[in-house]
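Visitor: File follows, model-v6.tsv with TSV, C-alpha atoms:
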```
chain	number	residue	atom	x	y	z
A	1394	MET	CA	124.99	85.25	94.43
A	1395	THR	CA	125.82	87.83	97.05
A	1396	LEU	CA	125.99	91.59	97.33
A	1397	ALA	CA	129.77	91.64	96.81
A	1398	GLU	CA	129.43	90.02	93.37
A	1399	ILE	CA	126.93	92.41	91.82
A	1400	GLY	CA	127.40	95.67	93.73
A	1401	PRO	CA	124.86	97.68	95.74
A	1402	TYR	CA	123.01	99.39	92.87
A	1403	LEU	CA	122.24	96.28	90.83
A	1404	ALA	CA	121.27	94.53	94.09
A	1405	LEU	CA	118.89	97.40	94.91
A	1406	ILE	CA	117.10	96.98	91.58
A	1407	LEU	CA	117.04	93.17	91.51
A	1408	VAL	CA	116.13	92.28	95.09
A	1409	GLY	CA	114.72	95.60	96.37
A	1410	PHE	CA	112.81	97.33	93.58
A	1411	LEU	CA	111.54	94.38	91.50
A	1412	PRO	CA	110.05	92.07	94.20
A	1413	ASN	CA	108.33	95.13	95.71
A	1414	GLU	CA	107.07	96.80	92.54
A	1415	VAL	CA	105.60	93.62	91.08
A	1416	TRP	CA	102.67	93.82	93.56
A	1417	ARG	CA	101.78	97.36	92.51
A	1418	VAL	CA	101.80	96.41	88.83
A	1419	LEU	CA	99.73	93.28	89.53
A	1420	GLY	CA	97.20	95.44	91.42
A	1421	LEU	CA	97.00	97.73	88.40
A	1422	VAL	CA	96.52	94.84	85.98
A	1423	ALA	CA	93.98	93.05	88.21
A	1424	VAL	CA	91.38	95.83	88.08
A	1425	ARG	CA	91.46	96.76	84.40
A	1426	GLY	CA	87.90	97.56	83.39
A	1427	LEU	CA	86.41	97.51	86.89
A	1428	ASN	CA	84.82	100.61	88.44
A	1429	GLU	CA	84.61	101.63	92.08
A	1430	ASP	CA	81.04	100.42	92.58
A	1431	SER	CA	81.84	96.90	91.48
A	1432	GLN	CA	81.42	94.32	94.25
A	1433	ILE	CA	84.93	92.95	93.73
A	1434	ILE	CA	86.36	96.39	94.47
A	1435	VAL	CA	84.25	96.75	97.64
A	1436	TRP	CA	85.66	93.40	98.77
A	1437	VAL	CA	89.27	94.19	97.72
A	1438	ARG	CA	89.08	97.44	99.67
A	1439	ALA	CA	87.98	95.55	102.80
A	1440	VAL	CA	90.90	93.12	102.30
A	1441	ALA	CA	93.38	96.01	101.97
A	1442	THR	CA	91.98	97.69	105.09
A	1443	ALA	CA	92.28	94.44	107.09
A	1444	ILE	CA	95.90	93.96	105.91
A	1445	LEU	CA	96.67	97.49	107.09
A	1446	ALA	CA	95.25	96.60	110.53
A	1447	GLY	CA	97.40	93.46	110.48
A	1448	VAL	CA	100.51	95.56	109.72
A	1449	LEU	CA	99.63	97.81	112.67
A	1450	ALA	CA	99.18	94.84	115.04
A	1451	GLN	CA	102.47	93.36	113.85
A	1452	LEU	CA	104.39	96.62	114.36
A	1453	VAL	CA	103.08	96.98	117.92
A	1454	LEU	CA	102.79	93.41	119.22
A	1455	THR	CA	105.71	91.65	117.52
A	1456	SER	CA	108.05	94.59	117.13
A	1457	THR	CA	111.58	94.11	115.90
A	1458	GLY	CA	114.73	96.16	116.49
A	1459	ALA	CA	114.77	98.96	119.04
A	1460	LEU	CA	110.98	98.89	119.59
A	1461	ALA	CA	111.22	95.29	120.82
A	1462	GLU	CA	113.24	96.47	123.82
A	1463	ILE	CA	110.26	98.46	125.10
A	1464	PRO	CA	107.76	96.30	127.10
A	1465	VAL	CA	104.64	95.37	125.14
A	1466	PHE	CA	102.30	97.00	127.70
A	1467	VAL	CA	104.02	100.35	127.05
A	1468	ARG	CA	103.54	99.95	123.29
A	1469	VAL	CA	99.89	98.89	123.55
A	1470	GLY	CA	99.17	101.35	126.38
A	1471	ALA	CA	100.54	104.29	124.39
A	1472	LEU	CA	98.40	103.27	121.41
A	1473	VAL	CA	95.25	103.06	123.61
A	1474	LEU	CA	95.93	106.41	125.33
A	1475	GLY	CA	96.52	108.07	121.96
A	1476	PHE	CA	93.27	106.60	120.64
A	1477	VAL	CA	91.28	107.81	123.68
A	1478	ALA	CA	92.73	111.31	123.23
A	1479	PHE	CA	91.80	111.15	119.54
A	1480	LEU	CA	88.17	110.29	120.44
A	1481	LEU	CA	87.96	112.95	123.16
A	1482	VAL	CA	89.42	115.82	121.12
A	1483	ARG	CA	87.17	116.06	118.03
A	1484	ARG	CA	88.75	113.01	116.33
A	1485	SER	CA	91.99	114.94	115.84
A	1486	VAL	CA	94.78	112.83	114.31
A	1487	PHE	CA	97.34	115.37	115.49
A	1488	VAL	CA	96.24	115.18	119.15
A	1489	GLY	CA	96.05	111.38	119.00
A	1490	VAL	CA	99.58	111.04	117.58
A	1491	LEU	CA	100.97	113.61	120.03
A	1492	VAL	CA	99.43	112.01	123.14
A	1493	GLY	CA	100.40	108.52	121.99
A	1494	GLU	CA	104.00	109.56	121.33
A	1495	LEU	CA	104.30	111.35	124.69
A	1496	ALA	CA	102.83	108.34	126.50
A	1497	PHE	CA	105.29	106.09	124.65
A	1498	LEU	CA	108.23	108.35	125.48
A	1499	ALA	CA	107.27	108.42	129.17
A	1500	GLY	CA	106.75	104.64	129.26
A	1501	ALA	CA	109.98	103.91	127.41
A	1502	TRP	CA	111.87	106.21	129.78
A	1503	MET	CA	110.43	104.49	132.87
A	1504	TYR	CA	110.34	100.86	131.72
A	1505	GLY	CA	112.72	100.69	128.75
A	1506	PRO	CA	116.34	99.53	128.76
A	1507	PRO	CA	118.75	101.82	130.63
A	1508	SER	CA	120.47	104.03	128.05
B	648	MET	CA	80.84	104.87	81.84
B	649	SER	CA	79.24	106.97	79.13
B	650	GLN	CA	80.72	110.38	79.93
B	651	THR	CA	82.68	111.93	77.07
B	652	PRO	CA	86.43	111.83	77.67
B	653	ILE	CA	87.37	115.44	78.35
B	654	GLU	CA	91.01	115.94	79.22
B	655	PRO	CA	91.57	118.74	81.73
B	656	SER	CA	93.68	121.68	80.54
B	657	PRO	CA	97.39	121.75	81.46
B	658	ALA	CA	96.67	124.63	83.86
B	659	THR	CA	94.00	122.59	85.68
B	660	THR	CA	96.35	119.62	85.84
B	661	ARG	CA	99.13	121.74	87.27
B	662	ALA	CA	96.79	123.27	89.87
B	663	ALA	CA	95.56	119.80	90.88
B	664	PHE	CA	99.14	118.57	91.22
B	665	LEU	CA	100.04	121.56	93.41
B	666	ASN	CA	96.89	121.00	95.50
B	667	GLY	CA	98.04	117.44	96.09
B	668	LEU	CA	101.52	118.62	97.02
B	669	GLY	CA	100.01	121.08	99.52
B	670	ALA	CA	97.70	118.42	100.94
B	671	ALA	CA	100.75	116.19	101.51
B	672	TRP	CA	102.48	118.77	103.67
B	673	ARG	CA	99.27	119.54	105.59
B	674	SER	CA	98.93	115.82	106.36
B	675	ILE	CA	100.20	114.46	109.67
B	676	PHE	CA	101.88	111.74	107.60
B	677	ALA	CA	104.47	114.18	106.20
B	678	TYR	CA	105.85	114.62	109.73
B	679	VAL	CA	105.41	110.95	110.60
B	680	LEU	CA	107.43	110.04	107.49
B	681	VAL	CA	110.21	112.49	108.38
B	682	GLY	CA	110.40	110.82	111.81
B	683	ASN	CA	110.17	107.29	110.47
B	684	TYR	CA	112.77	107.81	107.73
B	685	ILE	CA	115.21	109.43	110.17
B	686	GLY	CA	115.37	105.87	111.56
B	687	ILE	CA	115.89	104.35	108.10
B	688	GLY	CA	118.60	106.90	107.22
B	689	ALA	CA	120.44	106.08	110.43
B	690	LEU	CA	120.11	102.36	109.68
B	691	SER	CA	121.63	102.75	106.20
B	692	TYR	CA	124.55	104.63	107.71
B	693	GLU	CA	125.12	101.87	110.26
B	694	PHE	CA	125.14	99.19	107.54
B	695	GLY	CA	127.60	101.15	105.43
B	696	PHE	CA	125.44	102.13	102.44
B	697	SER	CA	126.16	105.44	100.69
B	698	LEU	CA	123.85	108.46	100.88
B	699	PRO	CA	122.93	108.37	97.13
B	700	TRP	CA	122.13	104.62	97.40
B	701	MET	CA	119.90	105.25	100.38
B	702	ILE	CA	118.00	108.08	98.64
B	703	LEU	CA	117.60	105.94	95.51
B	704	SER	CA	116.24	103.07	97.62
B	705	THR	CA	113.47	105.36	98.92
B	706	LEU	CA	112.66	106.60	95.41
B	707	VAL	CA	112.42	103.17	93.79
B	708	ILE	CA	111.07	101.04	96.68
B	709	TRP	CA	109.00	103.55	98.69
B	710	ALA	CA	107.95	101.05	101.35
B	711	ALA	CA	109.50	101.43	104.79
B	712	PRO	CA	109.23	97.75	105.89
B	713	ALA	CA	110.77	96.51	102.61
B	714	GLN	CA	113.59	99.04	102.92
B	715	VAL	CA	114.35	98.03	106.50
B	716	ILE	CA	114.53	94.38	105.39
B	717	LEU	CA	116.73	95.22	102.39
B	718	ILE	CA	119.16	97.38	104.35
B	719	SER	CA	119.50	95.03	107.31
B	720	THR	CA	119.81	91.75	105.35
B	721	LEU	CA	121.64	92.70	102.13
B	722	THR	CA	125.11	92.50	103.65
B	723	THR	CA	124.58	89.06	105.24
B	724	ALA	CA	121.85	87.02	103.46
B	725	THR	CA	121.90	85.62	99.91
B	726	LEU	CA	120.22	87.74	97.25
B	727	LEU	CA	117.44	85.18	96.77
B	728	GLU	CA	116.57	85.26	100.47
B	729	VAL	CA	116.50	89.06	100.44
B	730	ALA	CA	114.26	89.14	97.36
B	731	ILE	CA	111.77	86.71	98.95
B	732	ALA	CA	111.66	88.62	102.23
B	733	VAL	CA	111.15	91.94	100.43
B	734	GLY	CA	108.47	90.44	98.16
B	735	LEU	CA	106.52	88.91	101.06
B	736	SER	CA	106.57	92.19	102.96
B	737	SER	CA	105.03	94.10	100.06
B	738	ALA	CA	102.09	91.92	99.00
B	739	ARG	CA	99.73	94.46	100.61
B	740	PHE	CA	100.27	96.73	97.57
B	741	LEU	CA	98.22	94.47	95.31
B	742	PRO	CA	94.82	95.04	97.03
B	743	MET	CA	95.75	98.64	97.85
B	744	VAL	CA	96.43	99.59	94.22
B	745	ALA	CA	93.44	97.52	93.10
B	746	ALA	CA	91.13	99.44	95.44
B	747	LEU	CA	92.67	102.78	94.51
B	748	VAL	CA	92.61	102.64	90.70
B	749	PRO	CA	88.80	102.68	90.18
B	750	LEU	CA	88.60	105.75	92.43
B	751	LEU	CA	91.47	107.40	90.59
B	752	LYS	CA	90.76	106.95	86.91
B	753	ALA	CA	88.54	109.10	84.74
B	754	ALA	CA	87.10	108.20	81.34
B	755	HIS	CA	90.08	109.77	79.56
B	756	THR	CA	92.75	108.17	81.78
B	757	ARG	CA	95.16	105.92	79.89
B	758	GLN	CA	96.66	102.84	81.51
B	759	PHE	CA	100.24	104.24	81.41
B	760	GLN	CA	99.10	107.33	83.32
B	761	LEU	CA	98.30	105.03	86.26
B	762	LEU	CA	101.88	103.72	86.49
B	763	LEU	CA	103.20	106.70	88.47
B	764	PRO	CA	100.25	106.80	90.93
B	765	SER	CA	100.57	103.07	91.57
B	766	HIS	CA	104.32	103.42	92.14
B	767	LEU	CA	103.67	106.28	94.55
B	768	THR	CA	101.21	104.18	96.54
B	769	ALA	CA	102.51	103.45	100.02
B	770	ILE	CA	100.46	103.05	103.21
B	771	SER	CA	100.55	106.80	103.99
B	772	VAL	CA	99.66	107.93	100.46
B	773	TRP	CA	96.94	105.30	100.13
B	774	VAL	CA	95.28	106.17	103.44
B	775	GLU	CA	95.27	109.90	102.68
B	776	GLY	CA	94.36	109.38	99.02
B	777	MET	CA	91.34	107.18	99.76
B	778	ARG	CA	90.08	109.88	102.13
B	779	MET	CA	90.75	112.93	99.94
B	780	LEU	CA	90.07	111.69	96.39
B	781	PRO	CA	86.24	111.59	96.64
B	782	GLN	CA	86.33	115.38	97.20
B	783	VAL	CA	88.53	115.98	94.11
B	784	PRO	CA	86.85	116.33	90.67
B	785	ARG	CA	87.35	113.03	88.86
B	786	ALA	CA	89.29	114.53	85.93
B	787	GLU	CA	91.87	116.00	88.35
B	788	ARG	CA	92.42	112.98	90.57
B	789	VAL	CA	95.54	111.53	88.88
B	790	PRO	CA	97.59	114.77	89.08
B	791	PHE	CA	96.27	115.41	92.61
B	792	TYR	CA	97.35	111.95	93.75
B	793	ASN	CA	100.75	112.36	92.05
B	794	GLY	CA	101.24	115.61	93.98
B	795	LEU	CA	100.17	113.96	97.22
B	796	GLY	CA	102.48	111.00	96.64
B	797	LEU	CA	105.51	113.06	95.60
B	798	GLY	CA	104.95	115.43	98.55
B	799	LEU	CA	104.97	112.56	101.04
B	800	LEU	CA	107.87	110.88	99.22
B	801	SER	CA	109.90	114.09	99.53
B	802	ALA	CA	109.15	114.17	103.29
B	803	ALA	CA	110.58	110.66	103.54
B	804	VAL	CA	113.72	111.62	101.57
B	805	ILE	CA	114.26	114.69	103.78
B	806	GLY	CA	113.87	112.54	106.91
B	807	SER	CA	116.29	109.89	105.63
B	808	VAL	CA	118.97	112.49	104.83
B	809	ILE	CA	118.59	113.98	108.33
B	810	GLY	CA	118.84	110.50	109.83
B	811	TYR	CA	121.90	109.64	107.75
B	812	ALA	CA	123.61	112.83	108.95
B	813	LEU	CA	122.60	112.39	112.58
B	814	ALA	CA	123.13	108.60	112.69
B	815	ALA	CA	125.32	107.88	115.66
B	816	ARG	CA	124.40	111.11	117.44
B	817	LEU	CA	120.73	110.26	118.04
B	818	PRO	CA	119.98	109.19	121.67
B	819	PRO	CA	118.49	105.64	121.70
B	820	LEU	CA	115.32	106.74	123.55
B	821	LEU	CA	114.56	109.36	120.89
B	822	ALA	CA	115.36	106.95	118.06
B	823	THR	CA	112.91	104.41	119.49
B	824	THR	CA	110.19	107.05	119.91
B	825	LEU	CA	110.59	107.97	116.23
B	826	LEU	CA	109.95	104.34	115.28
B	827	PHE	CA	106.64	104.44	117.15
B	828	PHE	CA	105.37	107.18	114.82
B	829	THR	CA	104.35	104.70	112.12
B	830	PRO	CA	101.94	102.41	114.04
B	831	ILE	CA	100.29	105.29	115.85
B	832	ALA	CA	99.75	107.31	112.67
B	833	ILE	CA	98.27	104.26	110.93
B	834	LEU	CA	95.80	103.83	113.80
B	835	MET	CA	94.67	107.46	113.97
B	836	SER	CA	94.32	108.00	110.22
B	837	SER	CA	92.47	104.72	109.72
B	838	ALA	CA	90.14	105.56	112.60
B	839	ARG	CA	89.38	108.92	111.02
B	840	ASN	CA	88.90	107.44	107.55
B	841	SER	CA	86.69	104.54	108.60
B	842	THR	CA	83.22	105.97	108.35
B	843	THR	CA	81.37	102.98	106.92
B	844	LEU	CA	80.52	99.70	108.65
B	845	ILE	CA	82.60	97.63	106.23
B	846	ASP	CA	85.74	99.75	106.76
B	847	ARG	CA	85.45	99.69	110.55
B	848	LEU	CA	84.68	96.00	110.69
B	849	ALA	CA	87.56	95.11	108.34
B	850	PHE	CA	89.98	97.15	110.46
B	851	VAL	CA	88.86	95.79	113.85
B	852	LEU	CA	88.77	92.19	112.57
B	853	GLY	CA	92.25	92.67	111.07
B	854	LEU	CA	93.52	93.86	114.45
B	855	VAL	CA	92.14	90.73	116.13
B	856	ILE	CA	92.82	88.10	113.46
B	857	GLY	CA	96.31	89.35	112.54
B	858	PRO	CA	97.93	88.60	115.93
B	859	LEU	CA	95.98	85.31	116.22
B	860	LEU	CA	97.37	84.04	112.90
B	861	ALA	CA	100.85	85.35	113.71
B	862	ALA	CA	100.77	83.52	117.06
B	863	GLN	CA	99.87	80.27	115.24
B	864	LYS	CA	102.94	80.88	113.03
B	865	VAL	CA	100.76	80.75	109.92
B	866	LYS	CA	102.80	81.35	106.78
B	867	LEU	CA	101.89	84.58	104.89
B	868	ASP	CA	99.87	85.63	107.95
B	869	LEU	CA	99.25	89.19	106.67
B	870	MET	CA	97.74	87.93	103.43
B	871	TRP	CA	95.44	85.51	105.28
B	872	THR	CA	94.52	88.26	107.76
B	873	GLY	CA	93.41	90.41	104.85
B	874	LEU	CA	91.49	87.65	103.10
B	875	VAL	CA	89.71	86.32	106.22
B	876	ALA	CA	88.94	89.64	107.95
B	877	GLY	CA	88.15	91.44	104.70
B	878	THR	CA	85.80	88.69	103.51
B	879	ILE	CA	83.91	88.55	106.84
B	880	ALA	CA	83.51	92.35	106.79
B	881	TYR	CA	82.30	92.18	103.19
B	882	ALA	CA	79.82	89.38	103.98
B	883	VAL	CA	78.34	91.33	106.91
B	884	HIS	CA	78.07	94.41	104.70
B	885	ARG	CA	76.22	92.43	102.01
B	886	LEU	CA	73.82	90.81	104.49
B	887	ARG	CA	73.02	94.20	106.01
B	888	GLU	CA	72.26	95.66	102.58
B	889	LYS	CA	69.99	92.74	101.79
B	890	TRP	CA	67.95	93.19	104.97
B	891	ARG	CA	67.29	96.86	104.34
```
Please re-express this file's structure in structure tokens.

Guide:
Amino acid sequence: MTLAEIGPYLALILVGFLPNEVWRVLGLVAVRGLNEDSQIIVWVRAVATAILAGVLAQLVLTSTGALAEIPVFVRVGALVLGFVAFLLVRRSVFVGVLVGELAFLAGAWMYGPPS
Amino acid sequence: MSQTPIEPSPATTRAAFLNGLGAAWRSIFAYVLVGNYIGIGALSYEFGFSLPWMILSTLVIWAAPAQVILISTLTTATLLEVAIAVGLSSARFLPMVAALVPLLKAAHTRQFQLLLPSHLTAISVWVEGMRMLPQVPRAERVPFYNGLGLGLLSAAVIGSVIGYALAARLPPLLATTLLFFTPIAILMSSARNSTTLIDRLAFVLGLVIGPLLAAQKVKLDLMWTGLVAGTIAYAVHRLREKWR
């Protein structure tokens, strides 16, 4: 089956919504009756945190699309500079994001593809 | 839990919801999502999807990576391939919702009342929710989280509409810089949220193990990253508690 046969809205529900939502519902079902002090939950939270770190590493190291055209040292360097700024300025998320984005913009302008 | 189930009054519920909505727009993630979804809106335009379809995709999927996959593969791949790719990209929601629910529910909370919060769970909402919920009275957490989630979801919808309208007019350098918003916001917010040894260890180990597994071309590398790094962090945490 292809998109042309079922139309964009049915396709959105069948291959966009359902395969995505099933994980949320499974998460809900998995913890019925458990409370936040339970050891399983402490462990599950650590797993979720590690997956989030994995998502971050994937976005920066093995970027796809337009980000992939920016050299990896610019991507990693901007992340490190942003993090240093975050630590220096009272652990401010705003300052960290701002410095990281500016560093990325400067790096992409100097080392990115000619636009 | 032995506390008597006391449902909060409708006024309290409404106030908690509005507090959550306000917290969403005070969060850096609201602006990150606007930036990130400008990219997704532009992408939908390029692939020829309509504006209502694109808005609906954000409302029902609410996961940027899954949406990027859906939009960029739907016109070329078979539906089965698209469904598998989307499903694999979203497995992180299982442990996220599982870790969230015990923090969210009160004695009076019914199972169906958790459906909306779990649907609203995305990386941004989860990260902010896990940080803010301990400061919210337990009886008000569900409406607070719903407000937080809908606030951030609306930021994404606004961004995607802007992106759809701007589409071809956005300079490539700016478009790329918008894409960088997501990883950098994940890093900063996680760094601020990680106050315990187990959180910090899980995050750092995930950063190291994730790329290692990806480089080995391990299938389902994100899931294994979570299981391996999360379990090591948990084991260290348990050992440390035992020695004290």

Visitor: Using only C-alpha atoms, determine which residues of chain A fall within 7 Å of chain B; present them as a PyMOL selection string.

Guide: chain A and resi 1394-1396+1402+1405+1408-1410+1412-1413+1416-1417+1419-1421+1423-1424+1427-1429+1434+1436-1444+1446-1447+1449-1453+1459-1460+1472+1476+1484+1486-1487+1489-1490+1493-1494+1497-1498+1508

Visitor: Kindly compute an axis-aligned box around the listed atoms of region 1465-1468 of chain A, allowing 4 Å on each side, and express its centre and edge lengths in Å to one decimal as AutoDock Vina command-line options.

Guide:
```
--center_x 103.5 --center_y 97.9 --center_z 125.5 --size_x 10.3 --size_y 13.0 --size_z 12.4
```

Visitor: (91.7, 117.5, 87.4) in this file's frame - what residues fall within 9 Å of it? Use all atoms listed in the file and give the answer as a ChimeraX atom specification.

Guide: /B:654-656,659-664,783-791

Visitor: Could you jot down the CA of Tyr678 (chain B) to CA of Gln782 (chain B) separation for me, Å, one decimal place?

Guide: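 Spanning CA of Tyr678 (chain B) to CA of Gln782 (chain B) is a straight-line distance of 23.2 Å.
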
Visitor: For a test of reading the model, state the distance in Å between CA of Leu690 (chain B) and CA of Ser807 (chain B), rounded to one decimal.

Guide: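 Here the two named atoms are 9.4 Å from each other.
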
Visitor: Measuring atom to atom with only C-alpha atoms, identify which of A:Leu1454, A:Leu1411, A:Leu1491, A:Leu1481 is nearest to Val1467 (chain A).

Guide: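 Smallest distance to Val1467 (chain A) is found for A:Leu1454.
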
Visitor: Quick one: distance from CA of Ile1406 (chain A) to CA of Gly688 (chain B) in Å, one decimal?

Guide: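 These atoms are spaced 18.6 Å apart.
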